[in-house]
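S.K.: First the structure, then my questions, so here it is.
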Amino acid sequence: MSTEPDETHPQQEADPGAPEESTHLFTRLIPILFVANLEAERDFYLQLGFTLTYQGPEFPDFIALGSGSLEFGIERTQEADPQLPNRVLTWQWGVTDIELAKRRLTAAGVSFREEWVIPREDWKYRVLHARTPNGYHLMLEGANE
């Protein structure tokens with residue numbers, strides 16, 4: 001990587017008083033997971049309580065799922081390597097009810113491991129560890145107990 005100035009994008013000094021500097025440009029994060037088996041991954045999340053927010057002929061290899069204000073996509077790719085998800089991403093979700101999450105995983109036939117995390121005496125919570133059908137490490141983190 002060069003440390004020379006990029007002539008195509010000259011640097012400008014920011015005016016801290018400019019109105020556009022105080023507005024939020026970014027409003028949502030919608031990650032997209034690449035998978036080999038699109039339908040299995042979709043069904044996995046539907047069984048956990050997510051809803052389908054997009055599936056259509058415009059993008060036949062893409063599906064969007066959501067729960068409340070959370071949304072993400074899954075996209076089929078031929079280059080999906082079953083070993084890669086474990087090295088690329090830990091999919092960590094905060095949940096409001098860890099017992100409900102355990103019941104949904106169990107009902108879906110998903111094996112999981114439960115772990116207590118105790119960073120300090122006054123701070124402890126449970127985490128459920130599972131794998132999605134395409135190999136992503138799923139962590140469901142409960143509230144402080």
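Naming scheme: A, B, ... for chains in displayed order of the structure tokens; residues 1 onward per chain; ligands 1 onward as shown.
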I need the residues in stretch 101-130 of chain A that are helix (DSSP H, G or I) according to DSSP; give them as an MDAnalysis selection string.

M.R.: chainID A and resid 101:107

S.K.: Please tabulate, as CSV, the residues of stretch 43-86 of chain A that come within 12 Å of stretch 105-124 of chain A, each with its closest pair of atoms and the distance in Å to one decimal, counting only C-alpha atoms and ordering rows by chain, then residue number upward.

M.R.:
```
residue,atom,partner,partner_atom,distance
A:Asp43,CA,A:Ala108,CA,9.4
A:Phe44,CA,A:Ala108,CA,7.5
A:Tyr45,CA,A:Ala108,CA,9.6
A:Leu46,CA,A:Ala108,CA,9.5
A:Gln47,CA,A:Ala108,CA,5.9
A:Leu48,CA,A:Leu105,CA,6.6
A:Gly49,CA,A:Leu105,CA,10.0
```

S.K.: Would you write out those residues with C-alpha atoms, as a short mmCIF file (atom, residue, chain, number, x, y, z; two decimals), in the first residue's frame?

M.R.:
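Result file follows (result_30.cif):
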```
data_model
loop_
_atom_site.label_atom_id
_atom_site.label_comp_id
_atom_site.auth_asym_id
_atom_site.auth_seq_id
_atom_site.Cartn_x
_atom_site.Cartn_y
_atom_site.Cartn_z
CA ASP A 43 -34.88 -22.40 7.69
CA PHE A 44 -32.44 -22.37 10.62
CA TYR A 45 -33.11 -18.68 11.32
CA LEU A 46 -36.84 -19.01 10.74
CA GLN A 47 -36.93 -21.74 13.41
CA LEU A 48 -35.19 -19.37 15.83
CA GLY A 49 -37.95 -16.79 15.35
#
```

S.K.: Need the shell around stretch 53-55 of chain A: protein/DNA/RNA residues with any atom at most 7 Å away, counting only C-alpha atoms. Skip same-chain ones fewer than 6 positions apart. Format as a PDB file with N, CA and C atoms, in the first residue's frame?

M.R.:
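Result went into out.pdb, see below:
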```pdb
ATOM      1  N   PHE A  62     -30.438 -14.620  -2.988  1.00  0.00           N
ATOM      2  CA  PHE A  62     -30.338 -13.761  -1.804  1.00  0.00           C
ATOM      3  C   PHE A  62     -31.634 -13.799  -1.019  1.00  0.00           C
ATOM      4  N   ILE A  63     -31.514 -13.857   0.296  1.00  0.00           N
ATOM      5  CA  ILE A  63     -32.661 -13.821   1.199  1.00  0.00           C
ATOM      6  C   ILE A  63     -32.315 -12.875   2.339  1.00  0.00           C
ATOM      7  N   ALA A  64     -33.286 -12.070   2.776  1.00  0.00           N
ATOM      8  CA  ALA A  64     -33.094 -11.203   3.943  1.00  0.00           C
ATOM      9  C   ALA A  64     -33.994 -11.694   5.064  1.00  0.00           C
ATOM     10  N   LEU A  65     -33.467 -11.624   6.287  1.00  0.00           N
ATOM     11  CA  LEU A  65     -34.187 -12.059   7.478  1.00  0.00           C
ATOM     12  C   LEU A  65     -34.122 -10.960   8.512  1.00  0.00           C
ATOM     13  N   GLY A  66     -35.144 -10.887   9.379  1.00  0.00           N
ATOM     14  CA  GLY A  66     -35.142  -9.846  10.391  1.00  0.00           C
ATOM     15  C   GLY A  66     -35.839 -10.270  11.659  1.00  0.00           C
TER      16      GLY A  66
END
```

S.K.: Ranking A:Asp81, A:Glu99, A:Glu75, A:Glu145 by minimum distance to A:Leu33 and counting only C-alpha atoms, which one comes first?

M.R.: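 Under the stated criterion, the closest residue is A:Glu75.
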
S.K.: If we count only C-alpha atoms and set the cut-off at 8 Å, which residues sit around A:Ser67, ignoring sequence neighbours fewer than 3 positions away in its own chain? Please answer as a ChimeraX atom specification.

M.R.: /A:49-51,70-71

S.K.: Can you write just those residues out, N, CA and C atoms, as a CSV table (one decimal), in the first residue's frame?

M.R.:
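Output contents, as saved in result-v8.csv:
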```
chain,number,residue,atom,x,y,z
A,49,GLY,N,-37.0,-17.9,15.1
A,49,GLY,CA,-38.0,-16.8,15.3
A,49,GLY,C,-37.7,-15.6,14.4
A,50,PHE,N,-36.8,-15.6,13.5
A,50,PHE,CA,-36.6,-14.5,12.6
A,50,PHE,C,-37.7,-14.6,11.5
A,51,THR,N,-38.0,-13.5,10.9
A,51,THR,CA,-39.0,-13.5,9.8
A,51,THR,C,-38.3,-13.2,8.5
A,70,LEU,N,-33.4,-5.6,13.8
A,70,LEU,CA,-32.2,-6.3,13.2
A,70,LEU,C,-32.6,-6.9,11.9
A,71,GLU,N,-31.6,-6.8,11.0
A,71,GLU,CA,-31.8,-7.4,9.6
A,71,GLU,C,-30.5,-7.8,9.1
```

S.K.: Can you list, as a count of residues only, all residues belonging to stretch 19-95 of chain A that DSSP tags as strand (DSSP E)?

M.R.: 27

S.K.: Between atom CA of A:Leu52 and atom CA of A:Phe72, what is the distance in Å, rounded to a tenth?

M.R.: 10.1 Å

S.K.: Given the choices A:Phe59, A:Leu128, A:Ala40, A:Gly135, which gets closest to A:Leu100 if the distance is worked out from only C-alpha atoms?

M.R.: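 Distance minimum relative to A:Leu100 lands on A:Leu128.
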
S.K.: For the atom pair atom CA of A:Glu58 and atom CA of A:Arg42, what is the interatomic distance in Å to one decimal place?

M.R.: 17.4 Å

S.K.: Quick one: everything within 7 Å of A:Val95, counting only C-alpha atoms, minus sequence neighbours fewer than 5 positions away in the same chain. Send it as an MDAnalysis selection string.

M.R.: chainID A and resid 140:142

S.K.: Identify which of the residues A:Asn144, A:Thr23, A:Thr77, A:Asn37 lies closest to A:Gly94, counting only C-alpha atoms when measuring atom-to-atom distances.

M.R.: A:Asn144

S.K.: How many Å lie between atom CA of A:Gly73 and atom CA of A:Asn134, rounded to one decimal?

M.R.: 13.7 Å
